[in-house]
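The structure file query-v6.tsv is reproduced below (TSV, C-alpha atoms (C1' of nucleotides)).
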```tsv
chain	number	residue	atom	x	y	z
A	1	MET	CA	64.71	111.03	151.59
A	2	MET	CA	67.63	113.34	152.01
A	3	ILE	CA	69.56	112.32	148.96
A	4	GLU	CA	66.64	112.86	146.61
A	5	LYS	CA	66.47	116.46	147.73
A	6	GLN	CA	70.21	116.79	147.22
A	7	LEU	CA	69.96	115.55	143.67
A	8	LEU	CA	67.14	117.95	142.85
A	9	ASP	CA	68.98	120.81	144.53
A	10	THR	CA	72.00	120.07	142.39
A	11	LEU	CA	69.86	120.45	139.29
A	12	LYS	CA	68.27	123.63	140.57
A	13	GLN	CA	71.57	125.22	141.49
A	14	ALA	CA	72.85	124.48	138.01
A	15	GLY	CA	69.95	126.49	136.62
A	16	LEU	CA	68.13	123.41	135.33
A	17	ARG	CA	64.44	122.75	135.69
A	18	VAL	CA	62.98	120.27	138.11
A	19	THR	CA	60.53	118.38	135.95
A	20	PRO	CA	58.32	115.46	137.00
A	21	GLN	CA	60.54	113.13	134.99
A	22	ARG	CA	63.68	114.32	136.73
A	23	GLN	CA	61.96	114.10	140.08
A	24	ALA	CA	60.96	110.52	139.41
A	25	ILE	CA	64.45	109.57	138.30
A	26	CYS	CA	66.06	111.22	141.30
A	27	ALA	CA	63.57	109.57	143.64
A	28	TYR	CA	64.36	106.22	142.09
A	29	LEU	CA	68.09	106.75	142.46
A	30	ALA	CA	67.70	107.87	146.06
A	31	GLY	CA	65.70	104.87	147.19
A	32	ASN	CA	67.86	102.32	145.52
A	33	ASP	CA	71.16	100.61	146.12
A	34	GLU	CA	71.31	98.23	143.19
A	35	HIS	CA	73.48	100.45	140.95
A	36	PRO	CA	70.93	100.69	138.17
A	37	THR	CA	71.36	101.15	134.45
A	38	ALA	CA	69.35	103.60	132.35
A	39	ALA	CA	67.20	100.74	131.12
A	40	MET	CA	66.48	99.53	134.65
A	41	ILE	CA	65.33	102.97	135.71
A	42	TYR	CA	63.21	103.35	132.61
A	43	GLU	CA	61.51	99.99	133.10
A	44	ALA	CA	60.81	100.72	136.75
A	45	LEU	CA	59.33	104.16	136.17
A	46	LYS	CA	57.34	103.80	132.99
A	47	GLU	CA	54.56	101.95	134.79
A	48	ASP	CA	53.67	105.04	136.77
A	49	MET	CA	54.77	107.43	134.06
A	50	PRO	CA	53.87	105.85	130.72
A	51	SER	CA	54.95	108.84	128.67
A	52	LEU	CA	58.51	108.67	129.99
A	53	SER	CA	61.09	108.13	127.31
A	54	LEU	CA	64.37	106.29	127.64
A	55	MET	CA	66.07	109.29	126.10
A	56	THR	CA	65.06	111.40	129.08
A	57	VAL	CA	66.55	108.86	131.45
A	58	TYR	CA	69.84	108.96	129.57
A	59	ASN	CA	69.82	112.73	129.50
A	60	THR	CA	69.11	113.04	133.19
A	61	LEU	CA	71.75	110.51	134.16
A	62	ASN	CA	74.34	112.21	131.98
A	63	THR	CA	73.44	115.56	133.45
A	64	LEU	CA	73.63	114.32	137.03
A	65	ALA	CA	76.94	112.61	136.31
A	66	GLU	CA	78.41	115.77	134.77
A	67	LEU	CA	77.35	117.70	137.83
A	68	GLY	CA	79.04	115.13	140.02
A	69	ALA	CA	75.81	114.20	141.77
A	70	ILE	CA	76.06	110.53	140.87
A	71	GLN	CA	78.92	108.21	139.99
A	72	VAL	CA	79.38	106.34	136.76
A	73	ILE	CA	80.48	102.79	137.48
A	74	GLY	CA	80.68	101.87	133.82
A	75	GLN	CA	80.17	98.46	132.36
A	76	VAL	CA	80.50	95.47	134.60
A	77	GLY	CA	80.45	92.72	132.02
A	78	ASP	CA	76.94	93.18	130.72
A	79	ASP	CA	77.58	95.88	128.14
A	80	THR	CA	75.62	98.60	129.85
A	81	VAL	CA	76.67	101.46	132.06
A	82	HIS	CA	75.72	101.33	135.73
A	83	TYR	CA	75.28	104.36	137.97
A	84	ASP	CA	75.88	104.79	141.65
A	85	PRO	CA	73.98	107.42	143.64
A	86	ASP	CA	76.56	107.13	146.40
A	87	THR	CA	79.26	109.70	145.68
A	88	GLU	CA	81.17	109.12	148.87
A	89	PRO	CA	84.49	107.38	148.19
A	90	HIS	CA	83.86	103.66	148.30
A	91	VAL	CA	84.68	100.47	146.51
A	92	ASN	CA	82.29	98.63	144.21
A	93	VAL	CA	82.65	94.87	144.10
A	94	VAL	CA	81.09	93.30	141.02
A	95	CYS	CA	80.20	89.68	140.44
A	96	VAL	CA	81.36	88.77	136.94
A	97	SER	CA	78.81	85.99	136.79
A	98	CYS	CA	75.52	87.51	138.00
A	99	GLN	CA	76.51	91.21	137.77
A	100	LYS	CA	75.51	91.89	141.34
A	101	ILE	CA	77.29	94.95	142.75
A	102	ILE	CA	77.98	95.60	146.40
A	103	ASP	CA	79.50	98.61	148.10
A	104	MET	CA	82.38	98.46	150.53
A	105	PRO	CA	83.70	101.40	152.51
A	106	SER	CA	87.41	102.02	152.51
A	107	ASP	CA	89.21	104.76	154.33
A	108	ARG	CA	92.33	104.01	152.32
A	109	LEU	CA	90.65	105.26	149.19
A	110	SER	CA	90.76	108.90	150.17
A	111	LYS	CA	94.45	108.51	150.96
A	112	ILE	CA	95.07	107.20	147.47
A	113	ARG	CA	93.16	110.09	146.06
A	114	GLU	CA	95.34	112.53	147.95
A	115	GLU	CA	98.44	110.80	146.64
A	116	ILE	CA	97.26	110.91	143.04
A	117	ASP	CA	96.08	114.46	143.43
A	118	SER	CA	99.46	115.71	144.57
A	119	GLN	CA	101.60	113.57	142.27
A	120	SER	CA	99.82	113.37	138.92
A	121	GLY	CA	99.34	117.01	138.04
A	122	PHE	CA	95.74	116.16	137.13
A	123	LYS	CA	92.80	118.11	138.43
A	124	LEU	CA	90.78	115.17	139.75
A	125	LEU	CA	87.03	115.11	139.23
A	126	GLY	CA	86.06	111.62	140.29
A	127	ALA	CA	87.13	108.08	140.89
A	128	ARG	CA	85.98	104.60	140.09
A	129	MET	CA	87.25	101.67	142.06
A	130	VAL	CA	85.87	98.34	141.02
A	131	PHE	CA	86.91	94.88	142.05
A	132	TYR	CA	85.80	91.88	140.02
A	133	GLY	CA	85.13	88.43	141.27
A	134	LEU	CA	82.61	85.75	142.05
A	135	CYS	CA	80.03	86.45	144.72
A	136	PRO	CA	79.38	83.79	147.37
A	137	ASP	CA	76.28	82.51	145.56
A	138	CYS	CA	78.04	82.13	142.22
A	139	GLN	CA	81.04	80.50	143.88
A	140	ALA	CA	78.70	77.90	145.31
A	141	GLU	CA	77.06	77.34	141.93
A	142	ALA	CA	80.40	77.03	140.17
A	143	GLY	CA	81.55	74.55	142.76
A	144	GLN	CA	78.44	72.40	142.29
A	145	SER	CA	78.34	72.34	138.49
A	146	SER	CA	82.02	71.52	138.06
A	147	GLY	CA	82.00	68.96	140.82
A	148	ASN	CA	84.85	70.86	142.42
B	1	MET	CA	110.82	92.20	125.36
B	2	MET	CA	110.06	90.23	128.44
B	3	ILE	CA	106.38	90.95	128.64
B	4	GLU	CA	105.70	89.83	125.07
B	5	LYS	CA	107.13	86.45	125.91
B	6	GLN	CA	104.98	86.32	129.04
B	7	LEU	CA	101.84	87.01	127.05
B	8	LEU	CA	102.65	84.31	124.51
B	9	ASP	CA	103.56	81.88	127.27
B	10	THR	CA	100.20	82.51	128.88
B	11	LEU	CA	98.49	81.53	125.66
B	12	LYS	CA	100.67	78.45	125.25
B	13	GLN	CA	100.10	77.29	128.79
B	14	ALA	CA	96.37	77.60	128.27
B	15	GLY	CA	96.67	75.18	125.35
B	16	LEU	CA	96.10	77.89	122.76
B	17	ARG	CA	98.05	78.34	119.56
B	18	VAL	CA	100.61	81.02	119.02
B	19	THR	CA	99.65	82.37	115.63
B	20	PRO	CA	101.30	85.25	113.77
B	21	GLN	CA	98.27	87.41	114.53
B	22	ARG	CA	98.49	86.72	118.23
B	23	GLN	CA	102.22	87.32	118.17
B	24	ALA	CA	101.73	90.68	116.52
B	25	ILE	CA	99.05	91.71	118.98
B	26	CYS	CA	101.12	90.64	121.98
B	27	ALA	CA	104.17	92.42	120.60
B	28	TYR	CA	102.11	95.56	120.16
B	29	LEU	CA	100.78	95.36	123.70
B	30	ALA	CA	104.24	94.75	125.11
B	31	GLY	CA	105.87	97.71	123.45
B	32	ASN	CA	103.16	100.16	124.27
B	33	ASP	CA	102.02	102.16	127.24
B	34	GLU	CA	99.13	104.08	125.74
B	35	HIS	CA	96.36	101.73	126.95
B	36	PRO	CA	95.09	100.90	123.48
B	37	THR	CA	91.65	99.94	122.26
B	38	ALA	CA	90.95	97.08	119.87
B	39	ALA	CA	90.58	99.56	117.04
B	40	MET	CA	93.90	101.22	117.82
B	41	ILE	CA	95.70	97.90	117.74
B	42	TYR	CA	93.97	96.92	114.52
B	43	GLU	CA	94.86	100.17	112.80
B	44	ALA	CA	98.46	99.93	113.90
B	45	LEU	CA	98.97	96.35	112.79
B	46	LYS	CA	97.04	96.09	109.56
B	47	GLU	CA	99.72	97.98	107.65
B	48	ASP	CA	102.19	95.16	108.15
B	49	MET	CA	99.52	92.46	108.24
B	50	PRO	CA	96.83	93.46	105.74
B	51	SER	CA	94.81	90.29	106.20
B	52	LEU	CA	94.34	90.91	109.92
B	53	SER	CA	90.72	91.24	110.93
B	54	LEU	CA	89.34	93.35	113.73
B	55	MET	CA	87.50	90.29	114.97
B	56	THR	CA	90.80	88.58	115.66
B	57	VAL	CA	91.96	91.56	117.69
B	58	TYR	CA	88.80	91.42	119.78
B	59	ASN	CA	89.11	87.67	120.24
B	60	THR	CA	92.73	87.86	121.29
B	61	LEU	CA	92.12	90.70	123.73
B	62	ASN	CA	89.18	88.90	125.27
B	63	THR	CA	91.22	85.74	125.59
B	64	LEU	CA	94.16	87.52	127.18
B	65	ALA	CA	91.84	89.32	129.55
B	66	GLU	CA	90.12	86.11	130.58
B	67	LEU	CA	93.49	84.56	131.27
B	68	GLY	CA	94.38	87.54	133.42
B	69	ALA	CA	97.34	88.48	131.21
B	70	ILE	CA	96.06	91.98	130.53
B	71	GLN	CA	93.74	94.34	132.37
B	72	VAL	CA	90.50	95.76	131.07
B	73	ILE	CA	90.28	99.45	131.88
B	74	GLY	CA	86.87	99.85	130.31
B	75	GLN	CA	85.50	102.98	128.78
B	76	VAL	CA	87.07	106.27	129.66
B	77	GLY	CA	84.57	108.61	128.09
B	78	ASP	CA	85.05	107.69	124.46
B	79	ASP	CA	82.73	104.70	124.27
B	80	THR	CA	85.39	102.10	123.66
B	81	VAL	CA	87.13	99.67	125.95
B	82	HIS	CA	90.80	100.27	126.72
B	83	TYR	CA	93.26	97.57	127.73
B	84	ASP	CA	96.28	97.74	129.97
B	85	PRO	CA	99.17	95.30	129.52
B	86	ASP	CA	100.34	96.14	133.03
B	87	THR	CA	98.69	93.68	135.39
B	88	GLU	CA	100.55	94.83	138.48
B	89	PRO	CA	98.21	96.67	140.87
B	90	HIS	CA	98.27	100.32	139.89
B	91	VAL	CA	96.02	103.29	139.37
B	92	ASN	CA	94.95	104.61	135.99
B	93	VAL	CA	94.39	108.33	135.74
B	94	VAL	CA	92.28	109.34	132.77
B	95	CYS	CA	91.90	112.76	131.23
B	96	VAL	CA	88.20	113.28	130.54
B	97	SER	CA	89.04	115.81	127.85
B	98	CYS	CA	91.75	114.19	125.70
B	99	GLN	CA	91.39	110.58	126.96
B	100	LYS	CA	95.05	110.32	127.79
B	101	ILE	CA	95.72	107.66	130.42
B	102	ILE	CA	98.67	107.54	132.76
B	103	ASP	CA	99.69	104.92	135.29
B	104	MET	CA	100.47	105.63	138.91
B	105	PRO	CA	101.84	103.09	141.36
B	106	SER	CA	100.16	102.77	144.71
B	107	ASP	CA	101.17	100.46	147.48
B	108	ARG	CA	97.88	101.15	149.23
B	109	LEU	CA	96.01	99.36	146.49
B	110	SER	CA	97.11	95.90	147.53
B	111	LYS	CA	96.05	96.70	151.07
B	112	ILE	CA	92.58	97.59	149.87
B	113	ARG	CA	92.45	94.38	147.92
B	114	GLU	CA	93.31	92.40	151.03
B	115	GLU	CA	90.56	94.19	152.94
B	116	ILE	CA	87.96	93.52	150.27
B	117	ASP	CA	89.13	89.95	149.89
B	118	SER	CA	88.64	89.15	153.54
B	119	GLN	CA	85.47	91.14	154.10
B	120	SER	CA	83.34	90.75	150.99
B	121	GLY	CA	83.04	87.00	150.64
B	122	PHE	CA	83.88	87.42	146.97
B	123	LYS	CA	86.56	85.42	145.23
B	124	LEU	CA	88.44	88.34	143.65
B	125	LEU	CA	89.71	88.04	140.11
B	126	GLY	CA	90.82	91.55	139.28
B	127	ALA	CA	90.57	95.21	140.00
B	128	ARG	CA	90.11	98.44	138.16
B	129	MET	CA	91.02	101.69	139.77
B	130	VAL	CA	90.46	104.73	137.64
B	131	PHE	CA	90.60	108.39	138.55
B	132	TYR	CA	89.09	110.99	136.26
B	133	GLY	CA	90.22	114.51	135.77
B	134	LEU	CA	91.88	117.04	133.56
B	135	CYS	CA	95.49	116.50	132.59
B	136	PRO	CA	97.89	119.41	132.88
B	137	ASP	CA	97.67	120.19	129.14
B	138	CYS	CA	93.88	120.27	129.13
B	139	GLN	CA	93.80	122.35	132.31
B	140	ALA	CA	95.95	124.91	130.55
B	141	GLU	CA	93.70	124.89	127.49
B	142	ALA	CA	90.56	125.23	129.59
B	143	GLY	CA	92.12	128.12	131.43
B	144	GLN	CA	92.95	129.92	128.18
B	145	SER	CA	89.68	129.44	126.36
B	146	SER	CA	87.49	130.50	129.28
B	147	GLY	CA	89.73	133.38	130.18
B	148	ASN	CA	89.99	131.92	133.66
C	1	DT	C1'	105.73	64.50	104.11
C	2	DT	C1'	100.92	63.86	103.94
C	3	DA	C1'	96.39	63.27	105.67
C	4	DA	C1'	93.29	64.13	109.33
C	5	DT	C1'	91.81	66.82	113.13
C	6	DT	C1'	91.12	70.74	115.46
C	7	DA	C1'	91.69	75.57	116.37
C	8	DA	C1'	91.95	80.19	114.57
C	9	DT	C1'	90.96	83.61	111.23
C	10	DT	C1'	88.19	85.92	108.16
C	11	DA	C1'	84.12	88.12	106.00
C	12	DT	C1'	79.66	89.20	106.77
C	13	DA	C1'	75.75	90.31	109.07
C	14	DA	C1'	73.39	91.15	113.44
C	15	DT	C1'	72.87	93.10	118.07
C	16	DG	C1'	72.06	96.49	121.21
C	17	DA	C1'	73.40	100.46	124.04
C	18	DT	C1'	73.76	105.12	123.35
C	19	DT	C1'	73.33	109.44	120.85
C	20	DA	C1'	71.57	112.84	117.24
C	21	DT	C1'	67.81	115.34	115.39
C	22	DA	C1'	63.80	117.81	115.08
C	23	DA	C1'	59.07	118.44	116.39
C	24	DA	C1'	55.97	118.80	120.29
C	25	DT	C1'	55.33	120.05	124.99
C	26	DA	C1'	56.00	121.97	129.45
C	27	DT	C1'	58.19	125.35	132.46
C	28	DA	C1'	59.40	129.99	134.44
C	29	DG	C1'	58.93	134.69	134.34
C	30	DA	C1'	56.94	139.13	132.65
D	1	DT	C1'	47.96	134.86	129.91
D	2	DC	C1'	51.79	135.32	126.77
D	3	DT	C1'	56.55	134.70	125.53
D	4	DA	C1'	60.93	132.70	125.55
D	5	DT	C1'	63.46	128.88	126.65
D	6	DA	C1'	64.33	124.31	128.32
D	7	DT	C1'	62.81	119.69	128.21
D	8	DT	C1'	60.65	115.75	126.54
D	9	DT	C1'	59.40	112.75	123.10
D	10	DA	C1'	59.53	109.88	118.87
D	11	DT	C1'	62.32	108.47	115.43
D	12	DA	C1'	66.23	107.27	113.16
D	13	DA	C1'	71.22	106.84	113.12
D	14	DT	C1'	75.76	105.51	115.00
D	15	DC	C1'	79.14	102.61	116.35
D	16	DA	C1'	81.50	99.24	119.31
D	17	DT	C1'	81.10	94.61	119.96
D	18	DT	C1'	79.49	89.93	119.12
D	19	DA	C1'	77.45	85.91	116.41
D	20	DT	C1'	77.77	82.86	112.56
D	21	DA	C1'	79.53	80.10	109.16
D	22	DA	C1'	82.99	79.27	105.76
D	23	DT	C1'	87.91	79.35	104.93
D	24	DT	C1'	92.47	78.80	106.35
D	25	DA	C1'	96.23	77.50	109.22
D	26	DA	C1'	98.42	74.70	112.85
D	27	DT	C1'	99.10	70.32	115.15
D	28	DT	C1'	99.31	65.38	115.48
D	29	DA	C1'	99.70	60.82	113.89
D	30	DA	C1'	100.83	57.77	110.34
```
Whole structure, structure tokens version:
Amino acid sequence: MMIEKQLLDTLKQAGLRVTPQRQAICAYLAGNDEHPTAAMIYEALKEDMPSLSLMTVYNTLNTLAELGAIQVIGQVGDDTVHYDPDTEPHVNVVCVSCQKIIDMPSDRLSKIREEIDSQSGFKLLGARMVFYGLCPDCQAEAGQSSGN
Amino acid sequence: MMIEKQLLDTLKQAGLRVTPQRQAICAYLAGNDEHPTAAMIYEALKEDMPSLSLMTVYNTLNTLAELGAIQVIGQVGDDTVHYDPDTEPHVNVVCVSCQKIIDMPSDRLSKIREEIDSQSGFKLLGARMVFYGLCPDCQAEAGQSSGN
DNA sequence: TTAATTAATTATAATGATTATAAATATAGA
DNA sequence: TCTATATTTATAATCATTATAATTAATTAA
């Protein structure tokens, strides 16, 4: 898994230690496209690593986010922060009903970034582009239950 | 103020009552471009309306957001949700140091929305486009303090 | 206007994600 | 191995937001 190595390298290059916990968390992030929360990661890993603490998951995610190795999507209607291991510019589309998140590429996004970069005076560090809506499944459900 | 009337009309048309509390909150939102949080609105209004409760501010903001009359920006690094009375497609640029938020227009945004709309299968309800970075003031401060 | 109905507001307590703290443990280097 | 430092863990605390139920205000009909 290339991306797992990248995440660990990012930690190493920042002078941080590569612990078994951090390895497990990075491996989970790398092999996963469901935009997990800290709690999801913790639940998934504690089976194989019973001593793991939720605090460590939060710490590692915060560290990786500060280093720019992962993206913070933020809340999507369920009161918890989601993370995205994909740091390439892309759009997240969130279902407001079932909280499913999908990724969509967009070459226009980098253009917008260039615009903002040159016009805002800000030194840009990251971006978050989220669309909200109803996924196909939830549209179907809504249609059924309301008789519409 | 045109936009205040629009907000109140949205409530009316949804069959909701236009109470003094809701009027005050809508007036505050209309005359304000600082992307306030519920707490900010509450603090600002309770001087003139001592009986106002924070719960009412939350309720009203949630209602307006559900009706699509205001935008939810979400957290910007300070653990509280910010709202944006401007529902036209635009980009929010957030300073990760001082939490200042500015608006930037972008005609590319509607294009992206069209792309996502036709390609995702989602029924889109809203969008949130946030860039993170350091505002000019905080860049200057960072430069001074680090001697860089 | 008044009574009746319904919606909105308020006060209070509860929830739950995240963070703070300090002690225990593991890591990297001499 | 020993030492210094970073990390993890367990625990408790914080704080934004929501739930609940009682009070109050707004609307409608008489």
* Interface list for chain A, partner chain B, 8 Å threshold, all atoms listed in the file, as an MDAnalysis selection string -> chainID A and resid 74:75 95 104 106 108:109 112 116 120:136 139
* Have a look at atom CA of Asn32 of chain B and atom CA of Lys12 of chain B and let me know their distance in Å, one decimal. => 21.9 Å
* Asked: Within 12 Å of DA19 of chain D, counting only C-alpha atoms (C1' of nucleotides), which residues qualify if same-chain residues fewer than 3 places away don't, as number ranges by chain?
  -> B: 55; C: 12-15
* Nearest to chain A, chosen from C:DT6, C:DT25, C:DT1, C:DT18, with all atoms listed in the file counted in the distances ->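 That would be C:DT18, the residue with the smallest distance to chain A.
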* To do: Can you check which residues of chain C have any atom within 10 Å of chain A? Use all atoms listed in the file and format it as a ChimeraX atom specification.
  => /C:16-19,26-28
Report as a PDB file with C-alpha atoms (C1' of nucleotides), keeping the file's coordinate frame the set of chain D residues whose atoms approach chain A to within 10 Å, with distances computed over only C-alpha atoms (C1' of nucleotides).
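Wrote result11.pdb, looks like this:
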```pdb
ATOM      1  C1'  DA D   6      64.330 124.310 128.320  1.00  0.00           C
ATOM      2  C1'  DT D   7      62.810 119.690 128.210  1.00  0.00           C
ATOM      3  C1'  DT D   8      60.650 115.750 126.540  1.00  0.00           C
ATOM      4  C1'  DT D   9      59.400 112.750 123.100  1.00  0.00           C
ATOM      5  C1'  DA D  10      59.530 109.880 118.870  1.00  0.00           C
ATOM      6  C1'  DT D  17      81.100  94.610 119.960  1.00  0.00           C
TER       7       DT D  17
END
```
Build an axis-aligned box that encloses every atom of segment 51-57 of chain B listed in the file, pad it by 8 Å on each side, and report its centre and edge lengths in Å to one decimal, as AutoDock Vina command-line options.
```
--center_x 91.2 --center_y 91.0 --center_z 111.9 --size_x 23.3 --size_y 20.8 --size_z 27.5
```
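The space separating atom CA of Asp9 of chain B from atom CA of Glu114 of chain B comes to 27.9 Å.
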* Expressed in Å to a single decimal, how great is the separation between atom CA of Ala27 of chain B and atom CA of Val72 of chain B? ->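 Calculated distance between atom CA of Ala27 of chain B and atom CA of Val72 of chain B is 17.5 Å.
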* **From C:DT2, C:DA30, C:DA7, C:DA22, residue lying nearest DA25 of chain D [all atoms listed in the file]** =>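 Checking each of C:DT2, C:DA30, C:DA7, C:DA22 against DA25 of chain D, counting all atoms listed in the file, the winner is C:DA7.
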* Asked: Skipping near chain neighbours, those fewer than 2 positions away, what residues fall within 8 Å of Leu8 of chain B using only C-alpha atoms (C1' of nucleotides), listed as a list in words?
  ->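 Using only C-alpha atoms (C1' of nucleotides), the neighbours found are Glu4, Lys5, Gln6, Thr10, Leu11, Lys12, Val18, Arg22, Gln23 and Cys26 of chain B.
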